[in-house]
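See below for work.txt, which holds compact mmCIF, C-alpha atoms.
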```txt
# COMPACT_ATOMS: atom_id res chain seq x y z
CA MET A 1475 25.87 -6.57 -17.21
CA LYS A 1476 22.82 -7.33 -15.02
CA GLN A 1477 23.73 -11.03 -14.97
CA GLN A 1478 27.28 -10.18 -13.90
CA GLN A 1479 26.01 -7.83 -11.13
CA LEU A 1480 23.68 -10.51 -9.82
CA GLN A 1481 26.43 -13.13 -9.86
CA GLU A 1482 28.72 -10.82 -7.85
CA THR A 1483 25.96 -10.44 -5.24
CA ILE A 1484 25.34 -14.20 -5.07
CA ASP A 1485 29.07 -15.01 -4.85
CA TYR A 1486 29.53 -12.47 -2.03
CA LEU A 1487 26.65 -13.97 -0.02
CA LYS A 1488 27.90 -17.53 -0.57
CA SER A 1489 31.37 -16.49 0.60
CA ASN A 1490 29.71 -15.10 3.73
CA GLY A 1491 28.26 -18.45 4.69
CA ILE A 1492 24.81 -18.31 3.09
CA SER A 1493 24.40 -21.73 1.56
CA ASN A 1494 21.45 -23.78 0.34
CA PRO A 1495 18.50 -21.85 1.81
CA GLU A 1496 15.27 -23.74 1.08
CA ILE A 1497 12.76 -20.96 1.61
CA GLY A 1498 12.87 -17.22 0.93
CA ILE A 1499 10.68 -14.79 2.85
CA VAL A 1500 9.93 -11.13 2.14
CA LEU A 1501 8.68 -9.14 5.14
CA GLY A 1502 6.37 -6.21 4.44
CA THR A 1503 5.75 -2.86 6.12
CA GLY A 1504 5.62 -3.17 9.90
CA LEU A 1505 6.15 -6.92 9.71
CA GLY A 1506 9.60 -7.51 11.17
CA LYS A 1507 8.87 -9.66 14.23
CA LEU A 1508 9.24 -12.97 12.40
CA VAL A 1509 13.00 -12.55 12.74
CA HIS A 1510 12.69 -13.14 16.52
CA GLU A 1511 11.52 -16.69 15.74
CA ILE A 1512 14.57 -17.53 13.64
CA SER A 1513 17.68 -19.28 14.83
CA ILE A 1514 19.91 -16.70 13.12
CA GLU A 1515 23.23 -17.79 11.64
CA LYS A 1516 24.02 -14.71 9.57
CA GLU A 1517 22.69 -11.18 9.31
CA ILE A 1518 23.95 -8.86 6.58
CA ALA A 1519 22.86 -5.24 6.04
CA TYR A 1520 21.80 -4.48 2.48
CA SER A 1521 24.36 -1.66 2.44
CA GLU A 1522 27.16 -4.25 2.79
CA ILE A 1523 26.01 -6.42 -0.13
CA PRO A 1524 27.55 -5.59 -3.53
CA ASN A 1525 25.01 -4.20 -6.04
CA PHE A 1526 22.11 -4.60 -3.58
CA PRO A 1527 19.67 -1.69 -3.28
CA THR A 1528 19.27 -0.19 0.20
CA ALA A 1529 15.90 0.20 1.93
CA THR A 1530 14.86 3.80 2.49
CA VAL A 1531 11.51 3.37 4.25
CA GLU A 1532 11.89 4.03 7.98
CA PHE A 1533 9.92 0.96 9.07
CA HIS A 1534 11.92 -1.37 6.82
CA SER A 1535 15.14 -2.47 8.50
CA GLY A 1536 17.09 -3.37 5.36
CA LYS A 1537 18.93 -6.60 6.07
CA LEU A 1538 19.21 -10.14 4.81
CA ILE A 1539 18.81 -12.77 7.53
CA TYR A 1540 19.89 -16.39 7.15
CA GLY A 1541 19.10 -19.11 9.63
CA GLU A 1542 16.71 -21.86 10.61
CA LEU A 1543 12.97 -21.81 11.16
CA SER A 1544 10.66 -24.82 11.58
CA GLY A 1545 13.61 -27.12 10.86
CA LYS A 1546 14.48 -25.56 7.48
CA LYS A 1547 17.13 -23.16 6.23
CA ILE A 1548 15.52 -19.87 5.36
CA LEU A 1549 16.61 -16.54 3.92
CA VAL A 1550 14.63 -13.46 4.93
CA MET A 1551 14.50 -10.04 3.33
CA SER A 1552 13.72 -7.83 6.31
CA GLY A 1553 12.81 -4.74 4.32
CA ARG A 1554 11.77 -4.63 0.68
CA PHE A 1555 12.03 -2.12 -2.17
CA HIS A 1556 9.22 -0.12 -3.78
CA LEU A 1557 8.81 1.86 -6.98
CA TYR A 1558 7.76 4.86 -4.88
CA GLU A 1559 11.23 5.02 -3.32
CA GLY A 1560 12.65 5.84 -6.73
CA TYR A 1561 13.86 2.35 -7.59
CA ASN A 1562 13.29 0.77 -10.98
CA LEU A 1563 11.64 -2.63 -11.28
CA TRP A 1564 14.97 -4.44 -11.67
CA GLU A 1565 16.00 -3.04 -8.27
CA VAL A 1566 12.59 -3.70 -6.70
CA THR A 1567 12.89 -7.40 -7.58
CA TYR A 1568 16.66 -7.77 -7.14
CA GLY A 1569 16.26 -9.60 -3.84
CA ILE A 1570 14.01 -12.23 -5.41
CA ARG A 1571 16.56 -12.96 -8.14
CA THR A 1572 19.31 -13.08 -5.49
CA MET A 1573 17.42 -15.56 -3.29
CA ASP A 1574 16.62 -17.69 -6.32
CA GLY A 1575 20.31 -17.66 -7.31
CA LEU A 1576 21.17 -18.88 -3.81
CA GLY A 1577 18.86 -21.86 -4.29
CA ILE A 1578 15.52 -21.22 -2.57
CA LYS A 1579 12.72 -23.58 -3.62
CA ASN A 1580 9.72 -21.62 -2.27
CA LEU A 1581 8.95 -17.95 -1.68
CA LEU A 1582 6.69 -16.54 1.04
CA ILE A 1583 5.70 -12.87 0.77
CA SER A 1584 3.92 -10.59 3.23
CA ASN A 1585 2.60 -7.08 2.91
CA ALA A 1586 0.39 -4.50 4.57
CA ALA A 1587 -2.62 -3.54 2.44
CA GLY A 1588 -5.86 -1.61 2.50
CA ALA A 1589 -9.17 -3.49 2.48
CA ILE A 1590 -11.25 -2.63 -0.58
CA ASN A 1591 -13.68 -5.47 0.15
CA LEU A 1592 -15.69 -3.85 2.93
CA SER A 1593 -16.58 -7.19 4.54
CA TYR A 1594 -12.86 -7.46 5.43
CA LYS A 1595 -11.77 -5.52 8.50
CA LYS A 1596 -8.63 -3.89 9.96
CA GLY A 1597 -6.31 -6.54 11.38
CA ASP A 1598 -7.68 -9.34 9.17
CA LEU A 1599 -5.40 -11.50 7.02
CA MET A 1600 -5.93 -12.15 3.32
CA LEU A 1601 -4.31 -14.86 1.24
CA ILE A 1602 -3.72 -13.53 -2.27
CA GLU A 1603 -5.28 -15.73 -4.97
CA ASP A 1604 -4.74 -13.42 -7.92
CA HIS A 1605 -3.61 -9.89 -8.63
CA LEU A 1606 -4.01 -6.83 -10.79
CA ASN A 1607 -0.84 -5.00 -11.82
CA LEU A 1608 -1.61 -1.26 -11.80
CA GLN A 1609 2.04 -0.16 -11.57
CA GLY A 1610 2.24 0.64 -15.28
CA SER A 1611 5.17 -1.62 -16.16
CA SER A 1612 6.68 -5.07 -15.79
CA PRO A 1613 9.90 -6.28 -14.10
CA LEU A 1614 10.45 -8.46 -17.19
CA ALA A 1615 10.38 -5.52 -19.63
CA PHE A 1616 14.06 -4.77 -20.07
CA LYS A 1617 16.68 -5.54 -22.68
CA GLY A 1618 18.16 -9.00 -22.15
CA ALA A 1619 15.51 -10.12 -19.66
CA ASN A 1620 15.21 -13.45 -21.50
CA ILE A 1621 18.65 -14.43 -20.08
CA PHE A 1622 16.84 -15.06 -16.79
CA GLY A 1623 13.98 -17.11 -18.24
CA ASN A 1624 10.87 -16.81 -20.39
CA ILE A 1625 9.79 -13.15 -20.52
CA PHE A 1626 6.31 -14.27 -21.60
CA ALA A 1627 5.75 -15.74 -18.15
CA ASP A 1628 2.39 -17.48 -17.88
CA MET A 1629 0.33 -15.73 -15.21
CA LEU A 1630 -2.56 -18.20 -15.22
CA ALA A 1631 -1.69 -19.19 -11.64
CA PRO A 1632 0.84 -16.71 -10.19
CA TYR A 1633 0.31 -18.00 -6.64
CA SER A 1634 0.93 -21.66 -5.78
CA LYS A 1635 -2.48 -23.31 -5.35
CA GLU A 1636 -0.86 -26.22 -3.56
CA THR A 1637 0.75 -23.99 -0.91
CA ASN A 1638 -2.34 -21.77 -0.68
CA ASP A 1639 -4.43 -24.86 0.13
CA LYS A 1640 -1.94 -25.80 2.85
CA LEU A 1641 -2.13 -22.30 4.33
CA LEU A 1642 -5.95 -22.39 4.40
CA LYS A 1643 -5.84 -25.76 6.18
CA ILE A 1644 -3.29 -24.45 8.72
CA ALA A 1645 -5.41 -21.34 9.32
CA LYS A 1646 -8.45 -23.51 10.04
CA GLU A 1647 -6.50 -25.77 12.40
CA ASN A 1648 -5.17 -22.74 14.30
CA LYS A 1649 -8.52 -20.89 14.31
CA ILE A 1650 -7.05 -18.01 12.32
CA GLN A 1651 -9.43 -16.18 10.00
CA LEU A 1652 -7.77 -16.12 6.58
CA HIS A 1653 -9.72 -14.44 3.79
CA THR A 1654 -8.85 -15.06 0.16
CA GLY A 1655 -8.92 -12.40 -2.52
CA ILE A 1656 -7.48 -10.32 -5.31
CA TYR A 1657 -4.72 -7.80 -4.60
CA ALA A 1658 -4.07 -4.71 -6.71
CA SER A 1659 -0.63 -3.15 -6.74
CA VAL A 1660 -0.38 0.61 -7.34
CA VAL A 1661 2.69 2.86 -7.45
CA GLY A 1662 1.98 5.17 -4.47
CA PRO A 1663 3.34 6.56 -2.23
CA GLN A 1664 0.24 8.74 -1.92
CA LEU A 1665 -2.86 6.91 -0.74
CA GLU A 1666 -5.81 6.51 -3.10
CA THR A 1667 -8.53 9.06 -3.73
CA ARG A 1668 -12.18 8.20 -3.20
CA ALA A 1669 -12.55 7.94 -6.97
CA GLU A 1670 -9.65 5.47 -7.11
CA TYR A 1671 -11.15 3.36 -4.31
CA ARG A 1672 -14.47 3.31 -6.21
CA MET A 1673 -12.63 2.18 -9.34
CA LEU A 1674 -10.96 -0.66 -7.41
CA GLN A 1675 -14.35 -1.74 -6.04
CA ILE A 1676 -15.77 -1.81 -9.58
CA LEU A 1677 -12.78 -3.95 -10.63
CA GLU A 1678 -13.69 -6.40 -7.81
CA ILE A 1679 -10.42 -5.91 -5.96
CA ASP A 1680 -10.27 -7.09 -2.34
CA ALA A 1681 -7.10 -5.32 -1.18
CA VAL A 1682 -4.69 -2.67 -2.46
CA GLY A 1683 -1.01 -2.08 -1.77
CA MET A 1684 2.24 -0.80 -3.29
CA SER A 1685 4.36 -3.96 -3.53
CA THR A 1686 4.34 -7.74 -4.07
CA VAL A 1687 3.15 -7.96 -7.69
CA PRO A 1688 6.59 -7.26 -9.29
CA GLU A 1689 8.17 -9.85 -6.95
CA VAL A 1690 5.54 -12.44 -7.90
CA ILE A 1691 6.00 -11.79 -11.64
CA VAL A 1692 9.76 -12.37 -11.29
CA ALA A 1693 9.16 -15.52 -9.21
CA LYS A 1694 6.94 -16.76 -12.05
CA GLN A 1695 9.69 -16.10 -14.63
CA LEU A 1696 12.06 -18.11 -12.41
CA ASN A 1697 9.54 -20.96 -11.92
CA LEU A 1698 9.69 -20.29 -8.20
CA PRO A 1699 6.48 -21.29 -6.36
CA CYS A 1700 5.24 -18.42 -4.21
CA VAL A 1701 2.43 -17.36 -1.91
CA ALA A 1702 1.56 -13.98 -0.41
CA ILE A 1703 -0.41 -12.85 2.62
CA SER A 1704 -1.71 -9.32 3.19
CA ILE A 1705 -2.34 -7.91 6.62
CA LEU A 1706 -5.25 -5.51 6.13
CA THR A 1707 -4.34 -2.36 8.02
CA ASP A 1708 -7.10 0.02 6.96
CA GLU A 1709 -10.61 -0.02 5.52
CA CYS A 1710 -10.93 1.86 2.25
CA ASN A 1711 -14.56 2.88 2.11
CA PRO A 1712 -14.96 5.71 -0.42
CA LYS A 1713 -18.31 6.65 1.16
CA ASN A 1714 -16.74 7.10 4.59
CA LEU A 1715 -13.06 7.83 4.02
CA GLN A 1716 -11.04 8.86 7.06
CA PRO A 1717 -7.68 10.70 7.05
CA VAL A 1718 -4.84 8.17 6.90
CA ASN A 1719 -2.78 7.54 10.02
CA ILE A 1720 0.51 5.81 9.17
CA ALA A 1721 1.33 5.19 12.85
CA GLU A 1722 -2.01 3.40 13.26
CA ILE A 1723 -1.38 1.32 10.13
CA ILE A 1724 1.99 0.17 11.53
CA ALA A 1725 0.38 -0.58 14.92
CA ILE A 1726 -2.40 -2.67 13.31
CA ALA A 1727 0.18 -4.57 11.23
CA GLY A 1728 2.16 -5.31 14.42
CA LYS A 1729 -0.94 -6.50 16.28
CA ALA A 1730 -2.01 -8.87 13.49
CA GLU A 1731 1.51 -10.09 12.77
CA PRO A 1732 1.54 -13.06 15.25
CA LYS A 1733 -1.20 -14.73 13.15
CA MET A 1734 0.91 -14.37 10.02
CA ILE A 1735 3.98 -15.71 11.85
CA THR A 1736 2.02 -18.81 12.90
CA LEU A 1737 0.91 -19.42 9.30
CA PHE A 1738 4.44 -19.01 7.92
CA LYS A 1739 6.06 -21.17 10.62
CA GLU A 1740 3.56 -23.98 10.07
CA VAL A 1741 3.59 -23.89 6.27
CA ILE A 1742 7.42 -24.01 6.24
CA LYS A 1743 7.17 -27.44 7.89
CA VAL A 1744 5.05 -28.87 5.07
CA ILE A 1745 6.46 -27.34 1.87
```
Rendering of file as structure tokens:
Amino acid sequence: MKQQQLQETIDYLKSNGISNPEIGIVLGTGLGKLVHEISIEKEIAYSEIPNFPTATVEFHSGKLIYGELSGKKILVMSGRFHLYEGYNLWEVTYGIRTMDGLGIKNLLISNAAGAINLSYKKGDLMLIEDHLNLQGSSPLAFKGANIFGNIFADMLAPYSKETNDKLLKIAKENKIQLHTGIYASVVGPQLETRAEYRMLQILEIDAVGMSTVPEVIVAKQLNLPCVAISILTDECNPKNLQPVNIAEIIAIAGKAEPKMITLFKEVIKVI
């Protein structure tokens, strides 16, 4: 059933002119400006795509964008899905399976996250080297999941070291500070308590968010090389915790976004 649903989605998109994208991109919270850099050929709202979930978060636009960037055909998910919106993990990762079915060879992911490592500051960028799945489940844990690949996906290196090295080199060349670190994914949507932030510090986590990890696990099942960059939008110091300001988080993401766009545009040229 799931395979049939997915095939319907892929066939619909192919019939609408989306063919042979090389790179898939997932844009995180407050990170929609990359689309202005794309020579857009096709833009399709999620609500028009058969079997596709629809984005419910106000700052996620909810459309699939196909076009050219840095001389390559790309497919962008402008708006992603989260467990906290009431989706299940199949739905959360449906876009990744769709992009893979359309032929992408690399996946670039972005997100907004909170800095647990207190030497990292608001507006900084962090390249994810490894992650901790604190969402309580797996996007590979469903009946028939082995149809799509090995359910015992090896997570020794979930993020492409080769592409990560390229991104670090590009960051240096462009004088962009790019931290590296471990990302923890929680369910949300509530923010963490001081006790939870202390726990994450004890676990040596550098940043925390509510996405990305399920997408990366599915990419690994599909043997799809991927990388992920977090824009750090708040500092999560349990000893000096301030009330959260979502508007400020979105504003910080927007301000830091040009650095991420530069990294993505440059890495697309060399992968």
Got a sec: who's within 9 Å of Leu1538 of chain A, counting all atoms listed in the file, leaving out chain neighbours fewer than 4 positions off, as JSON, numbers by chain?
{"A": [1516, 1517, 1518, 1519, 1520, 1549, 1550, 1551, 1552, 1553]}
Might you pull out every residue within 9 Å of segment 1478-1485 of chain A, with only C-alpha atoms counted and same-chain residues fewer than 3 positions away left off, and present them as a ChimeraX atom specification?
/A:1475,1488-1490,1523-1526,1568,1571-1573,1575-1576
Give me the residues near Ala1658 of chain A as a PDB file with C-alpha atoms, in the frame of the given file, where near means some atom within 7 Å (using all atoms listed in the file) and where sequence neighbours in that chain fewer than 3 positions away do not count.
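After the write, around-v8.pdb holds the following:
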```
ATOM      1  CA  HIS A1605      -3.610  -9.890  -8.630  1.00  0.00           C
ATOM      2  CA  LEU A1606      -4.010  -6.830 -10.790  1.00  0.00           C
ATOM      3  CA  ASN A1607      -0.840  -5.000 -11.820  1.00  0.00           C
ATOM      4  CA  LEU A1608      -1.610  -1.260 -11.800  1.00  0.00           C
ATOM      5  CA  ILE A1679     -10.420  -5.910  -5.960  1.00  0.00           C
ATOM      6  CA  ALA A1681      -7.100  -5.320  -1.180  1.00  0.00           C
ATOM      7  CA  VAL A1682      -4.690  -2.670  -2.460  1.00  0.00           C
ATOM      8  CA  GLY A1683      -1.010  -2.080  -1.770  1.00  0.00           C
TER       9      GLY A1683
END
```
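Atom CA of Lys1739 of chain A to atom CA of Gly1655 of chain A spans 21.8 Å [interatomic distance, one decimal].
With distances taken over all atoms listed in the file, A:Gly1728 is the one residue among A:Pro1632, A:Gly1560, A:Gly1728, A:Pro1495 lying closest to Asn1585 of chain A.
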Write out as a ChimeraX atom specification which residues come within 10 Å of segment 1634-1644 of chain A when counting all atoms listed in the file, dropping same-chain ones fewer than 2 positions away.
/A:1580-1582,1601-1603,1631-1632,1646-1654,1694,1698-1703,1736-1738,1740-1742,1744-1745
Which is closest to Ile1723 of chain A among A:Leu1706, A:Ala1645, A:Ile1514, A:Met1673, if we use only C-alpha atoms?
A:Leu1706
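Between atom CA of Leu1614 of chain A and atom CA of His1556 of chain A there is a distance of 15.8 Å.
For the pair atom CA of Asp1598 of chain A and atom CA of Leu1543 of chain A, the interatomic distance is 24.2 Å.
Candidate residues A:Ile1726, A:Ile1492, A:Ala1586, A:Leu1677 were compared for distance to Ser1704 of chain A, and the nearest is A:Ala1586, using all atoms listed in the file.
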Exercise: Ala1727 of chain A partners within 10 Å, all atoms listed in the file, chain neighbours under 2 positions left out, as a PyMOL selection string:
chain A and resi 1502-1506+1585-1587+1596-1599+1704-1708+1721-1725+1729-1732+1734
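Of the residues listed (A:Asp1604, A:Asp1574, A:Glu1709, A:Glu1666), A:Asp1574 shows the shortest atom-to-atom separation from Asn1697 of chain A; distances use all atoms listed in the file.
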Up to 10 Å from (11.6, -3.1, -3.1) in the file's coordinates: name the residues, counting all atoms listed in the file, as a ChimeraX atom specification.
/A:1500,1502,1527-1531,1551,1553-1570,1684-1686,1688-1689
Kindly indicate which residue among A:Gln1609, A:Met1629, A:Ile1583, A:Glu1542 lies nearest to Pro1663 of chain A, using only C-alpha atoms for the distances.
A:Gln1609
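Residues of protein, DNA or RNA having at least one counted atom within 7 Å of (15.8, -22.5, 1.2), given all atoms listed in the file, are Asn1494, Pro1495, Glu1496, Ile1497, Gly1498, Lys1547, Ile1548, Leu1549, Gly1577, Ile1578 and Lys1579 of chain A.
When only C-alpha atoms are used to measure the gap to Arg1668 of chain A, the shortest distance among A:Pro1613, A:Val1690, A:Asn1624, A:Ile1590 belongs to A:Ile1590.
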